[in-house]
>>> print(open('input.tsv').read())   # TSV, C-alpha atoms
chain	number	residue	atom	x	y	z
V	8	MET	CA	-201.90	-154.81	32.32
V	9	SER	CA	-203.55	-152.64	34.89
V	10	SER	CA	-202.32	-149.38	33.37
V	11	ASN	CA	-204.07	-150.20	30.08
V	12	THR	CA	-207.43	-150.85	31.71
V	13	GLU	CA	-207.06	-147.65	33.69
V	14	SER	CA	-206.40	-145.62	30.60
V	15	SER	CA	-209.39	-147.05	28.75
V	16	VAL	CA	-211.65	-146.20	31.70
V	17	LEU	CA	-210.28	-142.70	31.98
V	18	ASN	CA	-210.47	-142.04	28.27
V	19	ALA	CA	-214.11	-143.11	28.10
V	20	PRO	CA	-216.38	-140.17	27.28
V	21	LYS	CA	-218.31	-140.50	30.55
V	22	ALA	CA	-215.25	-140.01	32.72
V	23	GLY	CA	-214.66	-136.59	31.19
V	24	THR	CA	-211.39	-134.71	31.16
V	25	ARG	CA	-211.35	-133.78	34.84
V	26	TRP	CA	-208.95	-136.56	35.79
V	27	LEU	CA	-206.95	-136.52	32.60
V	28	TRP	CA	-204.09	-134.54	34.17
V	29	PHE	CA	-203.88	-137.10	36.96
V	30	HIS	CA	-203.71	-139.95	34.50
V	31	LYS	CA	-201.11	-138.16	32.40
V	32	LEU	CA	-198.96	-137.31	35.40
V	33	SER	CA	-199.05	-140.87	36.64
V	34	SER	CA	-197.87	-142.29	33.33
V	35	PRO	CA	-194.20	-143.33	33.66
V	36	PRO	CA	-193.01	-142.19	30.21
V	37	TYR	CA	-194.61	-138.77	30.70
V	38	ALA	CA	-193.11	-138.41	34.18
V	39	TYR	CA	-189.74	-139.59	32.87
V	40	ARG	CA	-189.67	-136.98	30.14
V	41	THR	CA	-191.09	-134.16	32.27
V	42	SER	CA	-188.60	-134.64	35.10
V	43	GLY	CA	-185.77	-134.58	32.57
V	44	VAL	CA	-187.01	-131.24	31.21
V	45	LEU	CA	-187.60	-129.69	34.66
V	46	ARG	CA	-184.36	-130.73	36.35
V	47	PRO	CA	-181.98	-128.06	34.95
V	48	TRP	CA	-184.46	-125.28	35.83
V	49	PHE	CA	-184.74	-126.50	39.42
V	50	LEU	CA	-181.01	-127.09	39.73
V	51	TRP	CA	-179.75	-123.77	38.39
V	52	SER	CA	-182.28	-121.65	40.22
V	53	ALA	CA	-181.31	-123.55	43.39
V	54	VAL	CA	-177.61	-122.90	42.80
V	55	ILE	CA	-178.18	-119.16	42.22
V	56	LEU	CA	-180.38	-118.87	45.33
V	57	LEU	CA	-177.84	-120.81	47.42
V	58	LEU	CA	-175.14	-118.32	46.43
V	59	VAL	CA	-177.39	-115.31	47.09
V	60	GLY	CA	-178.62	-116.68	50.42
V	61	THR	CA	-175.12	-117.59	51.62
V	62	TYR	CA	-173.81	-114.16	50.66
V	63	GLY	CA	-176.71	-112.49	52.46
V	64	GLY	CA	-176.38	-114.69	55.52
V	65	LEU	CA	-172.61	-114.51	55.95
V	66	LEU	CA	-171.88	-110.95	54.77
V	67	LEU	CA	-174.96	-108.75	54.68
V	68	ALA	CA	-176.88	-109.82	57.79
V	69	PRO	CA	-175.66	-108.09	60.98
V	70	PRO	CA	-174.43	-110.18	63.94
V	71	ASP	CA	-177.13	-111.14	66.45
V	72	TYR	CA	-177.22	-109.03	69.63
V	73	GLN	CA	-177.09	-112.14	71.84
V	74	GLN	CA	-175.56	-114.90	69.75
V	75	LYS	CA	-173.17	-112.64	67.78
V	76	ASP	CA	-171.89	-114.30	64.60
V	77	SER	CA	-172.71	-117.85	65.73
V	78	PHE	CA	-176.34	-117.33	64.70
V	79	ARG	CA	-175.21	-117.49	61.03
V	80	ILE	CA	-175.44	-121.28	61.33
V	81	ILE	CA	-179.20	-120.70	61.04
V	82	TYR	CA	-178.86	-120.35	57.24
V	83	VAL	CA	-177.77	-123.95	56.82
V	84	HIS	CA	-179.42	-125.43	59.93
V	85	VAL	CA	-183.06	-124.35	59.48
V	86	PRO	CA	-183.33	-125.20	55.75
V	87	SER	CA	-181.97	-128.74	56.24
V	88	ALA	CA	-184.13	-129.29	59.33
V	89	SER	CA	-187.25	-128.03	57.59
V	90	MET	CA	-186.49	-130.14	54.51
V	91	SER	CA	-186.04	-133.22	56.71
V	92	LEU	CA	-189.73	-132.79	57.64
V	93	MET	CA	-190.99	-131.63	54.24
V	94	VAL	CA	-189.38	-134.57	52.43
V	95	TYR	CA	-191.01	-136.94	54.89
V	96	VAL	CA	-194.44	-135.43	54.24
V	97	VAL	CA	-193.88	-135.81	50.48
V	98	MET	CA	-192.81	-139.42	51.07
V	99	ALA	CA	-195.84	-140.21	53.26
V	100	VAL	CA	-198.35	-138.58	50.90
V	101	ALA	CA	-196.82	-140.35	47.89
V	102	SER	CA	-196.94	-143.64	49.81
V	103	ALA	CA	-200.63	-143.11	50.63
V	104	VAL	CA	-201.44	-142.28	47.00
V	105	GLY	CA	-199.52	-145.37	45.93
V	106	LEU	CA	-201.45	-147.59	48.33
V	107	ILE	CA	-204.90	-146.13	47.68
V	108	TRP	CA	-204.77	-145.76	43.88
V	109	ARG	CA	-202.19	-148.50	43.32
V	110	MET	CA	-200.05	-146.02	41.47
V	111	LYS	CA	-196.57	-147.32	40.73
V	112	LEU	CA	-195.21	-143.86	40.09
V	113	ALA	CA	-196.21	-142.61	43.55
V	114	HIS	CA	-194.33	-145.51	45.15
V	115	ALA	CA	-191.35	-144.68	42.94
V	116	LEU	CA	-191.41	-141.11	44.21
V	117	ALA	CA	-191.60	-142.24	47.85
V	118	ALA	CA	-188.73	-144.68	47.36
V	119	GLY	CA	-186.60	-141.91	45.85
V	120	CYS	CA	-187.25	-139.52	48.75
V	121	ALA	CA	-185.89	-141.57	51.64
V	122	ALA	CA	-182.13	-141.25	51.25
V	123	VAL	CA	-182.32	-137.51	50.54
V	124	GLY	CA	-184.50	-136.97	53.61
V	125	ALA	CA	-182.05	-138.96	55.72
V	126	TRP	CA	-179.19	-136.73	54.58
V	127	PHE	CA	-181.17	-133.60	55.43
V	128	SER	CA	-181.73	-135.03	58.94
V	129	VAL	CA	-178.01	-135.72	59.31
V	130	LEU	CA	-177.25	-132.13	58.28
V	131	ALA	CA	-179.83	-130.77	60.72
V	132	LEU	CA	-178.35	-132.78	63.60
V	133	PHE	CA	-174.74	-131.97	62.69
V	134	THR	CA	-175.26	-128.22	62.27
V	135	GLY	CA	-177.41	-128.31	65.41
V	136	ALA	CA	-174.53	-129.83	67.38
V	137	PHE	CA	-172.12	-127.19	66.08
V	138	TRP	CA	-174.59	-124.48	67.10
V	139	GLY	CA	-175.38	-126.11	70.43
V	140	ARG	CA	-171.73	-126.29	71.49
V	141	PRO	CA	-171.17	-122.49	71.64
V	142	MET	CA	-174.75	-121.58	72.67
V	143	TRP	CA	-175.84	-124.38	75.03
V	144	GLY	CA	-172.37	-125.44	76.10
V	145	THR	CA	-172.88	-128.98	74.83
V	146	TRP	CA	-172.68	-130.84	71.52
V	147	TRP	CA	-175.62	-133.03	72.35
V	148	ALA	CA	-178.63	-132.90	74.67
V	149	TRP	CA	-181.52	-135.34	75.01
V	150	ASP	CA	-183.77	-132.40	74.40
V	151	PRO	CA	-187.27	-132.93	72.86
V	152	ARG	CA	-186.36	-131.21	69.57
V	153	VAL	CA	-183.02	-132.98	69.18
V	154	THR	CA	-184.39	-136.38	70.19
V	155	SER	CA	-187.41	-136.19	67.88
V	156	GLU	CA	-185.16	-135.14	64.97
V	157	LEU	CA	-182.98	-138.18	65.69
V	158	ILE	CA	-186.13	-140.34	65.53
V	159	GLN	CA	-186.87	-138.65	62.18
V	160	LEU	CA	-183.51	-139.87	60.89
V	161	PHE	CA	-184.24	-143.40	62.19
V	162	LEU	CA	-187.60	-143.39	60.39
V	163	TYR	CA	-185.85	-142.70	57.09
V	164	LEU	CA	-183.26	-145.39	57.81
V	165	GLY	CA	-186.01	-147.82	58.80
V	166	PHE	CA	-187.84	-147.10	55.55
V	167	ILE	CA	-184.66	-147.79	53.54
V	168	ALA	CA	-183.84	-150.95	55.52
V	169	LEU	CA	-187.38	-152.28	55.19
V	170	ARG	CA	-187.35	-151.75	51.41
V	171	SER	CA	-184.04	-153.52	51.00
V	172	SER	CA	-185.34	-156.56	52.88
V	173	PHE	CA	-187.74	-157.38	50.00
V	174	GLU	CA	-186.67	-158.79	46.67
V	175	ASP	CA	-189.99	-157.95	45.08
V	176	THR	CA	-190.44	-154.22	44.39
V	177	GLN	CA	-194.23	-154.29	44.75
V	178	ARG	CA	-194.03	-155.89	48.18
V	179	ALA	CA	-191.32	-153.46	49.22
V	180	ASP	CA	-193.53	-150.60	48.02
V	181	ARG	CA	-196.53	-151.71	50.05
V	182	ALA	CA	-194.68	-152.52	53.27
V	183	SER	CA	-192.56	-149.37	53.25
V	184	ALA	CA	-195.61	-147.25	52.40
V	185	ILE	CA	-197.31	-148.36	55.62
V	186	LEU	CA	-194.19	-147.50	57.61
V	187	ALA	CA	-194.01	-144.06	55.95
V	188	ILE	CA	-197.67	-143.32	56.72
V	189	VAL	CA	-197.47	-144.41	60.36
V	190	GLY	CA	-194.21	-142.54	60.86
V	191	VAL	CA	-195.69	-139.22	59.75
V	192	VAL	CA	-196.93	-138.66	63.34
V	193	ASN	CA	-193.36	-137.74	64.22
V	194	VAL	CA	-193.41	-134.69	61.91
V	195	PRO	CA	-195.68	-132.52	64.10
V	196	VAL	CA	-193.80	-133.80	67.16
V	197	VAL	CA	-190.53	-132.40	65.75
V	198	LYS	CA	-192.18	-129.19	64.59
V	199	TYR	CA	-194.02	-128.35	67.81
V	200	SER	CA	-191.57	-129.91	70.29
V	201	VAL	CA	-190.17	-126.48	71.18
V	202	ILE	CA	-193.69	-125.27	72.04
V	203	TRP	CA	-195.11	-128.39	73.73
V	204	TRP	CA	-192.18	-129.05	76.00
V	205	ASN	CA	-189.71	-127.01	77.94
V	206	SER	CA	-186.83	-127.24	75.53
V	207	LEU	CA	-183.23	-126.07	75.38
V	208	HIS	CA	-183.82	-125.37	71.70
V	209	GLN	CA	-184.92	-121.83	70.90
V	210	GLY	CA	-188.46	-121.21	69.69
V	211	PRO	CA	-189.42	-120.69	66.05
V	212	SER	CA	-188.10	-117.53	64.36
V	213	ILE	CA	-190.88	-117.63	61.78
V	214	THR	CA	-194.53	-118.31	62.63
V	215	LEU	CA	-197.79	-117.77	60.78
V	216	THR	CA	-198.29	-114.45	62.53
V	217	GLY	CA	-194.88	-113.06	61.66
V	218	ALA	CA	-191.17	-113.31	62.32
V	219	SER	CA	-189.26	-112.55	65.50
V	220	ILE	CA	-186.05	-111.61	63.67
V	221	ASP	CA	-185.18	-108.50	61.70
V	222	SER	CA	-185.79	-108.45	57.95
V	223	SER	CA	-182.04	-108.09	57.25
V	224	MET	CA	-181.56	-111.50	58.90
V	225	LEU	CA	-184.80	-112.96	57.62
V	226	TRP	CA	-184.53	-112.58	53.85
V	227	PRO	CA	-181.39	-114.74	53.48
V	228	LEU	CA	-183.19	-117.43	55.48
V	229	PHE	CA	-186.17	-117.37	53.12
V	230	VAL	CA	-183.81	-117.49	50.13
V	231	MET	CA	-182.03	-120.51	51.60
V	232	LEU	CA	-185.33	-122.28	52.39
V	233	LEU	CA	-186.44	-121.81	48.78
V	234	ALA	CA	-183.01	-122.87	47.50
V	235	TYR	CA	-183.07	-126.12	49.49
V	236	ALA	CA	-186.61	-126.91	48.29
V	237	LEU	CA	-185.62	-126.33	44.64
V	238	PHE	CA	-182.46	-128.36	45.14
V	239	PHE	CA	-184.52	-131.23	46.51
V	240	ALA	CA	-186.81	-130.99	43.46
V	241	ALA	CA	-183.79	-131.15	41.12
V	242	VAL	CA	-182.34	-134.20	42.87
V	243	MET	CA	-185.75	-135.88	42.90
V	244	CYS	CA	-186.04	-135.49	39.11
V	245	ASP	CA	-183.00	-137.74	38.74
V	246	ARG	CA	-183.96	-140.12	41.54
V	247	LEU	CA	-187.50	-140.52	40.25
V	248	ARG	CA	-186.13	-141.39	36.80
V	249	VAL	CA	-183.86	-144.03	38.36
V	250	GLU	CA	-186.85	-145.57	40.16
V	251	ILE	CA	-188.95	-145.46	36.97
V	252	LEU	CA	-186.23	-147.25	34.98
V	253	LYS	CA	-185.95	-149.92	37.68
V	254	ARG	CA	-189.70	-150.53	37.64
V	255	GLU	CA	-190.33	-150.35	33.89
V	256	ARG	CA	-187.78	-152.99	33.01
V	257	ASN	CA	-189.41	-154.22	29.83
V	258	ALA	CA	-191.77	-151.44	28.84
V	259	SER	CA	-191.80	-150.70	25.13
V	260	TRP	CA	-191.46	-146.93	25.59
V	261	LEU	CA	-187.90	-147.45	26.86
V	262	ALA	CA	-186.84	-147.78	23.22
V	263	ASP	CA	-187.50	-144.04	22.83
V	264	ILE	CA	-185.56	-142.70	25.85
V	265	GLY	CA	-182.58	-141.66	23.75
V	266	ALA	CA	-178.88	-142.23	24.14
V	267	LYS	CA	-178.28	-139.35	26.56
V	268	THR	CA	-179.65	-138.90	30.07
T	17	MET	CA	-164.36	-105.67	57.37
T	18	SER	CA	-161.12	-107.35	56.39
T	19	VAL	CA	-160.85	-110.82	54.88
T	20	ALA	CA	-159.26	-112.14	58.09
T	21	GLU	CA	-162.14	-110.72	60.14
T	22	PHE	CA	-164.65	-112.37	57.84
T	23	PHE	CA	-163.03	-115.78	58.19
T	24	ASP	CA	-162.75	-115.37	61.94
T	25	MET	CA	-166.57	-114.95	62.19
T	26	GLY	CA	-166.29	-113.07	65.49
T	27	GLY	CA	-164.47	-116.01	67.06
T	28	TYR	CA	-167.05	-118.59	65.97
T	29	ALA	CA	-165.11	-119.80	62.91
T	30	ALA	CA	-164.62	-123.27	64.40
T	31	TYR	CA	-168.40	-123.74	64.58
T	32	ILE	CA	-169.64	-121.91	61.49
T	33	TRP	CA	-167.25	-123.20	58.82
T	34	PRO	CA	-167.69	-126.93	59.55
T	35	CYS	CA	-171.48	-126.42	59.20
T	36	TYR	CA	-171.17	-124.70	55.83
T	37	ALA	CA	-168.51	-127.13	54.63
T	38	LEU	CA	-170.48	-130.26	55.50
T	39	SER	CA	-173.68	-128.80	54.03
T	40	LEU	CA	-171.85	-128.16	50.75
T	41	VAL	CA	-170.28	-131.63	50.70
T	42	VAL	CA	-173.61	-133.38	51.40
T	43	LEU	CA	-175.60	-131.33	48.86
T	44	VAL	CA	-173.01	-131.89	46.12
T	45	GLY	CA	-172.80	-135.55	47.13
T	46	ILE	CA	-176.53	-136.26	46.82
T	47	ALA	CA	-176.74	-134.44	43.49
T	48	VAL	CA	-173.72	-136.27	42.03
T	49	SER	CA	-174.81	-139.69	43.29
T	50	ALA	CA	-178.30	-139.20	41.83
T	51	ARG	CA	-176.77	-138.23	38.48
T	52	ARG	CA	-174.44	-141.24	38.52
T	53	SER	CA	-177.09	-143.78	39.37
T	54	LEU	CA	-179.32	-142.33	36.65
T	55	ALA	CA	-176.51	-142.67	34.10
T	56	ALA	CA	-175.90	-146.27	35.18
T	57	GLU	CA	-179.60	-147.20	35.11
T	58	HIS	CA	-180.00	-145.47	31.74
T	59	THR	CA	-177.14	-147.47	30.21
T	60	ARG	CA	-178.64	-150.67	31.60
T	61	ALA	CA	-182.06	-149.86	30.13
T	62	LEU	CA	-180.58	-149.11	26.69
T	63	ARG	CA	-178.65	-152.37	26.70
T	64	ARG	CA	-181.83	-154.27	27.61
T	65	VAL	CA	-183.79	-152.61	24.81
T	66	GLN	CA	-181.02	-153.45	22.34
T	67	SER	CA	-180.87	-157.12	23.30
T	68	ASN	CA	-184.67	-157.35	23.12
T	69	GLN	CA	-184.61	-155.92	19.60
T	70	GLU	CA	-181.87	-158.32	18.54
T	71	GLN	CA	-183.89	-161.26	19.84
T	72	ALA	CA	-186.96	-160.06	18.00
T	73	SER	CA	-185.22	-159.67	14.64
>>> encode(input="input.tsv", output="structure tokens")
Amino acid sequence: MSSNTESSVLNAPKAGTRWLWFHKLSSPPYAYRTSGVLRPWFLWSAVILLLVGTYGGLLLAPPDYQQKDSFRIIYVHVPSASMSLMVYVVMAVASAVGLIWRMKLAHALAAGCAAVGAWFSVLALFTGAFWGRPMWGTWWAWDPRVTSELIQLFLYLGFIALRSSFEDTQRADRASAILAIVGVVNVPVVKYSVIWWNSLHQGPSITLTGASIDSSMLWPLFVMLLAYALFFAAVMCDRLRVEILKRERNASWLADIGAKT
Amino acid sequence: MSVAEFFDMGGYAAYIWPCYALSLVVLVGIAVSARRSLAAEHTRALRRVQSNQEQAS
């Protein structure tokens, strides 16, 4: 078993303790237990922040001087759009780690990400259409931002389809990892599309140098961004555990997982 | 601001509420489906462990 040889190498006195955390984190039983402990913290802080952010966005923030109340779509549109990119980066990095260090757990994480990322892309496109209709006068435009976000959705769907075409999990892991890594080029294209090309889509409200919107409108957006990220973390705790259970079919530690999830 | 004014969203109700409604449905949906598939996979794993132990004894 490869994991046993790895552990004996890492536990050897010469290797030191520098990589011990890495080894520990990549051990399936440890990851299984840790994600079970972390999930409620992620979930409930996400729920509280979602309520606070929605209240702030719908009731406390003033209407925009140009877009009036329609701008309030920003509080569900930007978090889902930004998560559709963030999740992909997590998926691509996990895939690369899985390929380079042959770490099963990293592949498990990547496999768990795809469907959630796809749903965030769907939400970004849907809320974008419902914002575009009153502001641009159209539900859909083949605009650089919109088109590249659609490609983002297709990358997730391609990743899922490619995985399901393999019976063998290890082969599925390797093939889909390559797709995830190649596809990561689309992330900066989506992010900078509004700057690189003349786009219908408005420019970024938040940049590294500051924000172009008032703080009364900005704080609910930050709260919602954090809420979506924590929500993703909570969902991933469950999805990672599912992937671990699928991969560790006959591992002896499964006898200790307990009767309750 | 009255309740009716709030729900009217300055005339943009038809655009704002579908966005919030679908976001809620999708977020709840992905959380529930993750929970359910974990429960199913967990039951399957326990059953496998049990049958392995029975074979061993």
>>> atom_distance(input="input.tsv", atom1="atom CA of V:Ala236", atom2="atom CA of V:Arg170")
25.0 Å
>>> closest_residue(input="input.tsv", among="V:Ser212, V:Asn257, V:Asn193, V:Ser155", to="chain T", atoms="only C-alpha atoms")
V:Asn257
>>> closest_residue(input="input.tsv", among="V:Leu112, V:Ser206, V:Phe137, V:Ala168", to="V:His30", atoms="only C-alpha atoms")
V:Leu112
>>> atom_distance(input="input.tsv", atom1="atom CA of V:Gln159", atom2="atom CA of T:Ala37")
23.0 Å
>>> interface_residues(input="input.tsv", of="chain V", to="chain T", cutoff="6 Å", atoms="only C-alpha atoms", output="list in words")
Asp76, Ser77, Ile80, Thr134, Phe137, Val242, Asp245, Arg246, Val249 and Ala262 of chain V
>>> residues_near_point(input="input.tsv", point="(-184.5, -129.4, 58.7)", cutoff="10 Å", atoms="only C-alpha atoms", output="JSON, numbers by chain")
{"V": [83, 84, 85, 86, 87, 88, 89, 90, 91, 92, 93, 94, 124, 126, 127, 128, 129, 130, 131, 132, 134, 135, 156, 197, 198, 232, 235]}
>>> write_last_selection(input="input.tsv", atoms="C-alpha atoms", output="short mmCIF file (atom, residue, chain, number, x, y, z; two decimals), in the frame of the given file")
data_model
loop_
_atom_site.label_atom_id
_atom_site.label_comp_id
_atom_site.auth_asym_id
_atom_site.auth_seq_id
_atom_site.Cartn_x
_atom_site.Cartn_y
_atom_site.Cartn_z
CA VAL V 83 -177.77 -123.95 56.82
CA HIS V 84 -179.42 -125.43 59.93
CA VAL V 85 -183.06 -124.35 59.48
CA PRO V 86 -183.33 -125.20 55.75
CA SER V 87 -181.97 -128.74 56.24
CA ALA V 88 -184.13 -129.29 59.33
CA SER V 89 -187.25 -128.03 57.59
CA MET V 90 -186.49 -130.14 54.51
CA SER V 91 -186.04 -133.22 56.71
CA LEU V 92 -189.73 -132.79 57.64
CA MET V 93 -190.99 -131.63 54.24
CA VAL V 94 -189.38 -134.57 52.43
CA GLY V 124 -184.50 -136.97 53.61
CA TRP V 126 -179.19 -136.73 54.58
CA PHE V 127 -181.17 -133.60 55.43
CA SER V 128 -181.73 -135.03 58.94
CA VAL V 129 -178.01 -135.72 59.31
CA LEU V 130 -177.25 -132.13 58.28
CA ALA V 131 -179.83 -130.77 60.72
CA LEU V 132 -178.35 -132.78 63.60
CA THR V 134 -175.26 -128.22 62.27
CA GLY V 135 -177.41 -128.31 65.41
CA GLU V 156 -185.16 -135.14 64.97
CA VAL V 197 -190.53 -132.40 65.75
CA LYS V 198 -192.18 -129.19 64.59
CA LEU V 232 -185.33 -122.28 52.39
CA TYR V 235 -183.07 -126.12 49.49
#
>>> atom_distance(input="input.tsv", atom1="atom CA of V:Leu247", atom2="atom CA of V:Trp48")
16.2 Å
>>> closest_residue(input="input.tsv", among="V:Ala68, V:Leu233, V:Ala258, V:Val100", to="V:Val54", atoms="only C-alpha atoms")
V:Leu233
>>> residues_around(input="input.tsv", residues="V:Ala148", least_positions_apart="4", cutoff="9 Å", atoms="only C-alpha atoms", output="short mmCIF file (atom, residue, chain, number, x, y, z; two decimals) with C-alpha atoms, in the frame of the given file")
data_model
loop_
_atom_site.label_atom_id
_atom_site.label_comp_id
_atom_site.auth_asym_id
_atom_site.auth_seq_id
_atom_site.Cartn_x
_atom_site.Cartn_y
_atom_site.Cartn_z
CA ALA V 136 -174.53 -129.83 67.38
CA GLY V 139 -175.38 -126.11 70.43
CA TRP V 143 -175.84 -124.38 75.03
CA VAL V 153 -183.02 -132.98 69.18
CA THR V 154 -184.39 -136.38 70.19
CA LEU V 207 -183.23 -126.07 75.38
#
>>> axis_aligned_box(input="input.tsv", around="stretch 220-238 of chain V", padding_each_side="3 Å", output="AutoDock Vina command-line options")
--center_x -184.0 --center_y -118.2 --center_z 54.2 --size_x 11.2 --size_y 26.3 --size_z 25.0
>>> closest_residue(input="input.tsv", among="V:Leu57, V:Leu106, V:Val96, V:Thr214", to="V:Ile202", atoms="only C-alpha atoms")
V:Thr214
>>> closest_residue(input="input.tsv", among="V:Ile251, V:Leu228, V:Val194, V:Leu186", to="V:Ala113", atoms="all atoms listed in the file")
V:Ile251
>>> closest_residue(input="input.tsv", among="V:Thr216, V:Thr41, V:Ser102, V:Thr268", to="V:Asp180", atoms="only C-alpha atoms")
V:Ser102
>>> build_atoms(input="input.tsv", residues="stretch 67-89 of chain V", atoms="N, CA and C atoms", output="compact mmCIF listing (two decimals), in the frame of the given file")
# COMPACT_ATOMS: atom_id res chain seq x y z
N LEU V 67 -174.08 -109.91 54.59
CA LEU V 67 -174.96 -108.75 54.68
C LEU V 67 -175.71 -108.68 56.01
N ALA V 68 -176.12 -109.84 56.53
CA ALA V 68 -176.88 -109.82 57.79
C ALA V 68 -175.97 -109.37 58.94
N PRO V 69 -176.48 -108.53 59.84
CA PRO V 69 -175.66 -108.09 60.98
C PRO V 69 -175.55 -109.21 62.02
N PRO V 70 -174.51 -109.17 62.87
CA PRO V 70 -174.43 -110.18 63.94
C PRO V 70 -175.60 -110.04 64.92
N ASP V 71 -176.02 -111.15 65.49
CA ASP V 71 -177.13 -111.14 66.45
C ASP V 71 -176.69 -110.45 67.75
N TYR V 72 -177.62 -109.77 68.42
CA TYR V 72 -177.22 -109.03 69.63
C TYR V 72 -176.85 -109.95 70.77
N GLN V 73 -177.43 -111.18 70.78
CA GLN V 73 -177.09 -112.14 71.84
C GLN V 73 -176.07 -113.17 71.38
N GLN V 74 -176.36 -113.76 70.20
CA GLN V 74 -175.56 -114.90 69.75
C GLN V 74 -174.38 -114.48 68.89
N LYS V 75 -174.25 -113.16 68.64
CA LYS V 75 -173.17 -112.64 67.78
C LYS V 75 -173.18 -113.35 66.42
N ASP V 76 -171.96 -113.71 65.94
CA ASP V 76 -171.89 -114.30 64.60
C ASP V 76 -172.31 -115.77 64.57
N SER V 77 -172.39 -116.41 65.72
CA SER V 77 -172.71 -117.85 65.73
C SER V 77 -174.10 -118.12 65.15
N PHE V 78 -174.99 -117.11 65.20
CA PHE V 78 -176.34 -117.33 64.70
C PHE V 78 -176.35 -117.61 63.20
N ARG V 79 -175.24 -117.29 62.49
CA ARG V 79 -175.21 -117.49 61.03
C ARG V 79 -175.35 -118.96 60.63
N ILE V 80 -175.20 -119.85 61.60
CA ILE V 80 -175.44 -121.28 61.33
C ILE V 80 -176.90 -121.50 60.94
N ILE V 81 -177.77 -120.57 61.35
CA ILE V 81 -179.20 -120.70 61.04
C ILE V 81 -179.45 -120.92 59.54
N TYR V 82 -178.60 -120.30 58.69
CA TYR V 82 -178.86 -120.35 57.24
C TYR V 82 -178.60 -121.70 56.61
N VAL V 83 -177.88 -122.58 57.32
CA VAL V 83 -177.77 -123.95 56.82
C VAL V 83 -178.53 -124.94 57.73
N HIS V 84 -178.76 -124.52 58.98
CA HIS V 84 -179.42 -125.43 59.93
C HIS V 84 -180.93 -125.50 59.67
N VAL V 85 -181.60 -124.35 59.64
CA VAL V 85 -183.06 -124.35 59.48
C VAL V 85 -183.51 -124.94 58.14
N PRO V 86 -182.87 -124.58 57.01
CA PRO V 86 -183.33 -125.20 55.75
C PRO V 86 -183.20 -126.72 55.75
N SER V 87 -182.09 -127.27 56.26
CA SER V 87 -181.97 -128.74 56.24
C SER V 87 -182.96 -129.37 57.21
N ALA V 88 -183.17 -128.74 58.37
CA ALA V 88 -184.13 -129.29 59.33
C ALA V 88 -185.54 -129.24 58.75
N SER V 89 -185.90 -128.12 58.12
CA SER V 89 -187.25 -128.03 57.59
C SER V 89 -187.44 -128.98 56.41
